[in-house]
Amino acid sequence: MGKIFCVMGKSSTGKDTIYKKILDSSELSLERIVTYTTRPIRQGEKNGVEYYFTDEEGYRALADSGKIVEERVYNTVHGPWRYFTVDDENISKDVDYIVIGTLEAYSGLKRYFGEDRVCPIFVSVDDGVRLQRALDREKQQENPKYEELCRRFLADAADFSAEKIAEAGIDRFFINNDLQECIAEIIDFIKANK
């Protein structure tokens, strides 16, 4: 049976970069699960690559059809933004996948697909480094959303509390102080758990 490797961690820990490098690794042959969101597309993002971007009406249609595997909603300074995984019939039981998510997403995937099928990859970085990375990234946006950056940074403390991490059953962490070392460690972990 195929595995689903769920990359997660607080904002600006390097999850997206790690995810892309792991996905491109010729050693692993992982397929990706692209999740959905109602948040606005950022400069440089492409629909169907980082996320499937939809609106509230699109979300409701998927929810009404019973296709949502797991979901989270964040009450941002720009209104509610939904993030969710959809069983859109592209997830096979015989294929190994990688997906980016949160603790809630990871727990929802385990409930839906089974605990033996979903493996956590929790990426961690010092909070000061994360804050600087987030600020640097936001400065590059055409219309920086600094208030949302601050809200997200502060929300991470609650969303990724030690209690919630323990409750999700996560006891292994990948420290992203050196990107190449972190990626190599994650590749070894995935090989051992496929």
# chains A, B, ... in the order shown; residues from 1 in each chain; ligands from 1

call {"tool": "residues_around", "arguments": {"residues": "range 69-73 of chain A", "least_positions_apart": "6", "cutoff": "9 Å", "atoms": "only C-alpha atoms", "output": "ChimeraX atom specification"}}
result
/A:80-87,102,104-109,111-113

call {"tool": "write_last_selection", "arguments": {"atoms": "N, CA and C atoms", "output": "compact mmCIF listing (two decimals), in the first residue's frame"}}
result
# COMPACT_ATOMS: atom_id res chain seq x y z
N PRO A 80 -11.99 35.11 5.92
CA PRO A 80 -11.67 33.68 6.09
C PRO A 80 -10.97 33.08 4.86
N TRP A 81 -9.91 32.35 5.12
CA TRP A 81 -9.21 31.60 4.07
C TRP A 81 -9.30 30.13 4.44
N ARG A 82 -9.77 29.31 3.50
CA ARG A 82 -9.90 27.87 3.72
C ARG A 82 -8.75 27.14 3.02
N TYR A 83 -8.28 26.10 3.68
CA TYR A 83 -7.30 25.18 3.10
C TYR A 83 -7.89 23.79 3.30
N PHE A 84 -7.86 22.96 2.25
CA PHE A 84 -8.50 21.65 2.38
C PHE A 84 -7.96 20.66 1.35
N THR A 85 -8.08 19.39 1.72
CA THR A 85 -7.70 18.30 0.83
C THR A 85 -8.98 17.69 0.28
N VAL A 86 -8.95 17.38 -1.01
CA VAL A 86 -10.13 16.85 -1.69
C VAL A 86 -9.81 15.45 -2.22
N ASP A 87 -10.74 14.52 -2.00
CA ASP A 87 -10.63 13.20 -2.61
C ASP A 87 -11.21 13.34 -4.01
N THR A 102 -0.74 20.87 7.71
CA THR A 102 -0.63 21.34 9.10
C THR A 102 -0.85 20.13 10.00
N GLU A 104 -3.44 19.75 11.83
CA GLU A 104 -4.84 19.39 11.59
C GLU A 104 -4.98 18.56 10.31
N ALA A 105 -4.28 18.99 9.27
CA ALA A 105 -4.34 18.27 8.00
C ALA A 105 -3.79 16.86 8.18
N TYR A 106 -2.64 16.76 8.84
CA TYR A 106 -2.02 15.45 9.09
C TYR A 106 -2.99 14.53 9.84
N SER A 107 -3.61 15.04 10.89
CA SER A 107 -4.56 14.22 11.67
C SER A 107 -5.77 13.84 10.81
N GLY A 108 -6.26 14.76 9.99
CA GLY A 108 -7.38 14.46 9.10
C GLY A 108 -7.04 13.42 8.05
N LEU A 109 -5.83 13.51 7.50
CA LEU A 109 -5.37 12.51 6.52
C LEU A 109 -5.28 11.14 7.18
N ARG A 111 -7.02 10.05 9.74
CA ARG A 111 -8.38 9.55 9.97
C ARG A 111 -8.99 9.00 8.67
N TYR A 112 -8.78 9.69 7.58
CA TYR A 112 -9.40 9.33 6.31
C TYR A 112 -8.71 8.15 5.63
N PHE A 113 -7.37 8.18 5.57
CA PHE A 113 -6.63 7.16 4.83
C PHE A 113 -6.06 6.05 5.72

call {"tool": "closest_atom_pairs", "arguments": {"of": "range 83-124 of chain A", "to": "range 12-23 of chain A", "cutoff": "10 Å", "atoms": "only C-alpha atoms", "output": "Markdown table"}}
result
| residue | atom | partner | partner_atom | distance |
| --- | --- | --- | --- | --- |
| A:Tyr97 | CA | A:Leu23 | CA | 9.0 |
| A:Ile98 | CA | A:Leu23 | CA | 7.3 |
| A:Val99 | CA | A:Tyr19 | CA | 7.7 |
| A:Ile100 | CA | A:Tyr19 | CA | 7.2 |
| A:Gly101 | CA | A:Lys15 | CA | 9.2 |
| A:Ile121 | CA | A:Lys15 | CA | 9.6 |
| A:Phe122 | CA | A:Lys15 | CA | 8.9 |
| A:Val123 | CA | A:Thr13 | CA | 6.4 |
| A:Ser124 | CA | A:Thr13 | CA | 6.0 |

call {"tool": "write_last_selection", "arguments": {"atoms": "N, CA and C atoms", "output": "compact mmCIF listing (two decimals), in the first residue's frame"}}
result
# COMPACT_ATOMS: atom_id res chain seq x y z
N TYR A 97 2.88 9.27 -2.02
CA TYR A 97 2.61 10.68 -2.23
C TYR A 97 3.35 11.54 -1.23
N ILE A 98 3.45 12.82 -1.58
CA ILE A 98 3.93 13.84 -0.66
C ILE A 98 2.95 15.00 -0.72
N VAL A 99 2.70 15.61 0.45
CA VAL A 99 1.76 16.72 0.55
C VAL A 99 2.25 17.67 1.63
N ILE A 100 1.95 18.95 1.49
CA ILE A 100 2.24 19.92 2.53
C ILE A 100 0.97 20.13 3.33
N GLY A 101 1.10 20.17 4.66
CA GLY A 101 -0.09 20.35 5.49
C GLY A 101 0.23 20.94 6.84
N ILE A 121 6.37 14.44 8.41
CA ILE A 121 7.69 15.05 8.24
C ILE A 121 7.57 16.46 8.79
N PHE A 122 7.97 16.63 10.05
CA PHE A 122 7.81 17.91 10.74
C PHE A 122 9.10 18.71 10.64
N VAL A 123 9.04 19.86 9.95
CA VAL A 123 10.22 20.71 9.73
C VAL A 123 10.19 21.83 10.77
N SER A 124 11.35 22.08 11.37
CA SER A 124 11.43 23.08 12.43
C SER A 124 12.61 24.03 12.19

call {"tool": "residues_around", "arguments": {"residues": "Asn177 in chain A", "least_positions_apart": "4", "cutoff": "9 Å", "atoms": "only C-alpha atoms", "output": "ChimeraX atom specification"}}
result
/A:124-126,181-182

call {"tool": "closest_residue", "arguments": {"among": "A:Phe173, A:Tyr74, A:Tyr51, A:Phe5", "to": "Arg151 in chain A", "atoms": "only C-alpha atoms"}}
result
A:Tyr74

call {"tool": "closest_residue", "arguments": {"among": "A:Ala184, A:Ala168, A:Glu45, A:Thr38", "to": "Gly58 in chain A", "atoms": "only C-alpha atoms"}}
result
A:Thr38

call {"tool": "select_by_dssp", "arguments": {"residues": "range 6-148 of chain A", "states": "helix (DSSP H, G or I)", "output": "PyMOL selection string"}}
result
chain A and resi 15-24+56-64+103-113+127-139+146-148

call {"tool": "write_last_selection", "arguments": {"atoms": "N, CA and C atoms", "output": "CSV table (one decimal), in the first residue's frame"}}
result
chain,number,residue,atom,x,y,z
A,15,LYS,N,9.2,24.7,4.3
A,15,LYS,CA,8.4,23.5,3.8
A,15,LYS,C,8.3,23.5,2.3
A,16,ASP,N,7.9,24.6,1.7
A,16,ASP,CA,7.7,24.6,0.3
A,16,ASP,C,9.0,24.2,-0.5
A,17,THR,N,10.1,24.8,-0.1
A,17,THR,CA,11.4,24.5,-0.8
A,17,THR,C,11.7,23.0,-0.6
A,18,ILE,N,11.6,22.5,0.6
A,18,ILE,CA,11.9,21.1,0.9
A,18,ILE,C,11.0,20.2,0.1
A,19,TYR,N,9.7,20.5,0.1
A,19,TYR,CA,8.7,19.8,-0.6
A,19,TYR,C,9.1,19.7,-2.1
A,20,LYS,N,9.4,20.8,-2.7
A,20,LYS,CA,9.8,20.8,-4.1
A,20,LYS,C,11.1,20.0,-4.4
A,21,LYS,N,12.0,20.1,-3.5
A,21,LYS,CA,13.3,19.3,-3.7
A,21,LYS,C,13.0,17.8,-3.5
A,22,ILE,N,12.2,17.5,-2.5
A,22,ILE,CA,11.9,16.0,-2.3
A,22,ILE,C,11.1,15.5,-3.5
A,23,LEU,N,10.2,16.3,-4.0
A,23,LEU,CA,9.4,15.9,-5.1
A,23,LEU,C,10.2,15.7,-6.4
A,24,ASP,N,11.2,16.5,-6.5
A,24,ASP,CA,12.1,16.4,-7.7
A,24,ASP,C,13.2,15.3,-7.5
A,56,GLU,N,-15.2,30.7,-2.4
A,56,GLU,CA,-16.1,30.1,-1.4
A,56,GLU,C,-17.2,29.2,-2.1
A,57,GLU,N,-17.7,29.6,-3.2
A,57,GLU,CA,-18.7,28.9,-4.0
A,57,GLU,C,-18.1,27.5,-4.4
A,58,GLY,N,-16.9,27.5,-4.9
A,58,GLY,CA,-16.2,26.3,-5.3
A,58,GLY,C,-16.0,25.4,-4.1
A,59,TYR,N,-15.6,25.9,-3.0
A,59,TYR,CA,-15.5,25.2,-1.7
A,59,TYR,C,-16.8,24.5,-1.3
A,60,ARG,N,-17.9,25.3,-1.4
A,60,ARG,CA,-19.2,24.8,-0.9
A,60,ARG,C,-19.6,23.6,-1.9
A,61,ALA,N,-19.4,23.7,-3.1
A,61,ALA,CA,-19.7,22.7,-4.1
A,61,ALA,C,-19.0,21.4,-3.7
A,62,LEU,N,-17.7,21.5,-3.4
A,62,LEU,CA,-16.9,20.3,-3.0
A,62,LEU,C,-17.4,19.7,-1.7
A,63,ALA,N,-17.7,20.6,-0.8
A,63,ALA,CA,-18.2,20.1,0.5
A,63,ALA,C,-19.6,19.4,0.4
A,64,ASP,N,-20.4,20.0,-0.4
A,64,ASP,CA,-21.8,19.4,-0.6
A,64,ASP,C,-21.7,18.1,-1.3
A,103,LEU,N,-0.8,20.3,11.3
A,103,LEU,CA,-1.1,19.3,12.2
A,103,LEU,C,-2.5,18.8,12.0
A,104,GLU,N,-3.4,19.8,11.8
A,104,GLU,CA,-4.8,19.4,11.6
A,104,GLU,C,-5.0,18.6,10.3
A,105,ALA,N,-4.3,19.0,9.3
A,105,ALA,CA,-4.3,18.3,8.0
A,105,ALA,C,-3.8,16.9,8.2
A,106,TYR,N,-2.6,16.8,8.8
A,106,TYR,CA,-2.0,15.5,9.1
A,106,TYR,C,-3.0,14.5,9.8
A,107,SER,N,-3.6,15.0,10.9
A,107,SER,CA,-4.6,14.2,11.7
A,107,SER,C,-5.8,13.8,10.8
A,108,GLY,N,-6.3,14.8,10.0
A,108,GLY,CA,-7.4,14.5,9.1
A,108,GLY,C,-7.0,13.4,8.1
A,109,LEU,N,-5.8,13.5,7.5
A,109,LEU,CA,-5.4,12.5,6.5
A,109,LEU,C,-5.3,11.1,7.2
A,110,LYS,N,-4.8,11.1,8.4
A,110,LYS,CA,-4.7,9.8,9.1
A,110,LYS,C,-6.1,9.2,9.4
A,111,ARG,N,-7.0,10.0,9.7
A,111,ARG,CA,-8.4,9.5,10.0
A,111,ARG,C,-9.0,9.0,8.7
A,112,TYR,N,-8.8,9.7,7.6
A,112,TYR,CA,-9.4,9.3,6.3
A,112,TYR,C,-8.7,8.1,5.6
A,113,PHE,N,-7.4,8.2,5.6
A,113,PHE,CA,-6.6,7.2,4.8
A,113,PHE,C,-6.1,6.0,5.7
A,127,ASP,N,12.5,30.5,15.8
A,127,ASP,CA,11.5,31.5,15.5
A,127,ASP,C,12.1,32.8,14.9
A,128,GLY,N,13.2,33.2,15.4
A,128,GLY,CA,13.8,34.4,14.8
A,128,GLY,C,14.2,34.3,13.3
A,129,VAL,N,14.7,33.1,13.0
A,129,VAL,CA,15.0,32.8,11.6
A,129,VAL,C,13.7,32.8,10.7
A,130,ARG,N,12.7,32.2,11.3
A,130,ARG,CA,11.4,32.1,10.6
A,130,ARG,C,10.8,33.5,10.3
A,131,LEU,N,10.9,34.3,11.3
A,131,LEU,CA,10.3,35.7,11.2
A,131,LEU,C,11.0,36.5,10.1
A,132,GLN,N,12.4,36.4,10.1
A,132,GLN,CA,13.1,37.1,9.1
A,132,GLN,C,12.8,36.5,7.7
A,133,ARG,N,12.7,35.2,7.6
A,133,ARG,CA,12.4,34.6,6.3
A,133,ARG,C,11.0,35.1,5.8
A,134,ALA,N,10.0,35.1,6.7
A,134,ALA,CA,8.7,35.6,6.3
A,134,ALA,C,8.7,37.0,5.9
A,135,LEU,N,9.4,37.9,6.6
A,135,LEU,CA,9.5,39.3,6.3
A,135,LEU,C,10.1,39.5,4.9
A,136,ASP,N,11.2,38.8,4.6
A,136,ASP,CA,11.9,38.8,3.4
A,136,ASP,C,11.0,38.4,2.2
A,137,ARG,N,10.3,37.3,2.4
A,137,ARG,CA,9.3,36.8,1.4
A,137,ARG,C,8.2,37.8,1.1
A,138,GLU,N,7.7,38.4,2.2
A,138,GLU,CA,6.5,39.3,2.0
A,138,GLU,C,7.0,40.6,1.3
A,139,LYS,N,8.2,41.1,1.6
A,139,LYS,CA,8.7,42.3,0.9
A,139,LYS,C,8.7,42.1,-0.6
A,146,TYR,N,1.7,42.6,5.6
A,146,TYR,CA,2.4,42.5,6.8
A,146,TYR,C,1.5,42.1,8.0
A,147,GLU,N,0.3,42.7,8.0
A,147,GLU,CA,-0.6,42.3,9.1
A,147,GLU,C,-0.9,40.8,9.1
A,148,GLU,N,-1.1,40.3,7.9
A,148,GLU,CA,-1.4,38.8,7.8
A,148,GLU,C,-0.1,38.0,8.2

call {"tool": "select_by_dssp", "arguments": {"residues": "range 44-162 of chain A", "states": "strand (DSSP E)", "output": "PyMOL selection string"}}
result
chain A and resi 52-53+68-76+79-86+97-101+118-124

call {"tool": "closest_residue", "arguments": {"among": "A:Asn193, A:Thr54, A:Thr35, A:Ser161", "to": "Asn90 in chain A", "atoms": "only C-alpha atoms"}}
result
A:Thr35

call {"tool": "closest_residue", "arguments": {"among": "A:Ser25, A:Lys93, A:Pro120, A:Ala155", "to": "Phe174 in chain A", "atoms": "only C-alpha atoms"}}
result
A:Pro120

call {"tool": "decode", "arguments": {"residues": "range 176-192 of chain A", "atoms": "N, CA and C atoms", "output": "CSV table (one decimal), in the first residue's frame"}}
result
chain,number,residue,atom,x,y,z
A,176,ASN,N,15.8,22.5,10.0
A,176,ASN,CA,16.2,23.1,8.8
A,176,ASN,C,17.2,24.3,9.0
A,177,ASN,N,18.3,24.0,9.7
A,177,ASN,CA,19.3,25.0,9.8
A,177,ASN,C,20.2,25.0,8.6
A,178,ASP,N,20.4,23.8,7.9
A,178,ASP,CA,21.1,23.7,6.7
A,178,ASP,C,20.2,22.9,5.7
A,179,LEU,N,19.8,23.6,4.7
A,179,LEU,CA,18.8,23.0,3.8
A,179,LEU,C,19.2,21.7,3.2
A,180,GLN,N,20.4,21.6,2.7
A,180,GLN,CA,20.9,20.3,2.1
A,180,GLN,C,20.9,19.2,3.1
A,181,GLU,N,21.4,19.5,4.3
A,181,GLU,CA,21.4,18.4,5.3
A,181,GLU,C,20.0,18.0,5.7
A,182,CYS,N,19.1,18.9,5.8
A,182,CYS,CA,17.7,18.6,6.2
A,182,CYS,C,17.1,17.8,5.1
A,183,ILE,N,17.3,18.1,3.8
A,183,ILE,CA,16.7,17.4,2.7
A,183,ILE,C,17.3,15.9,2.7
A,184,ALA,N,18.6,15.8,2.9
A,184,ALA,CA,19.2,14.5,2.9
A,184,ALA,C,18.6,13.6,4.0
A,185,GLU,N,18.4,14.2,5.2
A,185,GLU,CA,17.8,13.5,6.3
A,185,GLU,C,16.4,13.0,6.0
A,186,ILE,N,15.6,13.9,5.4
A,186,ILE,CA,14.3,13.6,5.0
A,186,ILE,C,14.2,12.5,4.0
A,187,ILE,N,15.1,12.6,3.0
A,187,ILE,CA,15.1,11.5,1.9
A,187,ILE,C,15.4,10.2,2.6
A,188,ASP,N,16.4,10.1,3.5
A,188,ASP,CA,16.7,8.8,4.2
A,188,ASP,C,15.5,8.3,5.0
A,189,PHE,N,14.8,9.2,5.6
A,189,PHE,CA,13.6,8.9,6.4
A,189,PHE,C,12.5,8.3,5.4
A,190,ILE,N,12.3,8.9,4.3
A,190,ILE,CA,11.3,8.5,3.4
A,190,ILE,C,11.6,7.1,2.8
A,191,LYS,N,12.9,6.9,2.5
A,191,LYS,CA,13.3,5.6,1.9
A,191,LYS,C,13.1,4.5,3.0
A,192,ALA,N,13.3,4.8,4.2
A,192,ALA,CA,13.2,3.8,5.3
A,192,ALA,C,11.7,3.5,5.6
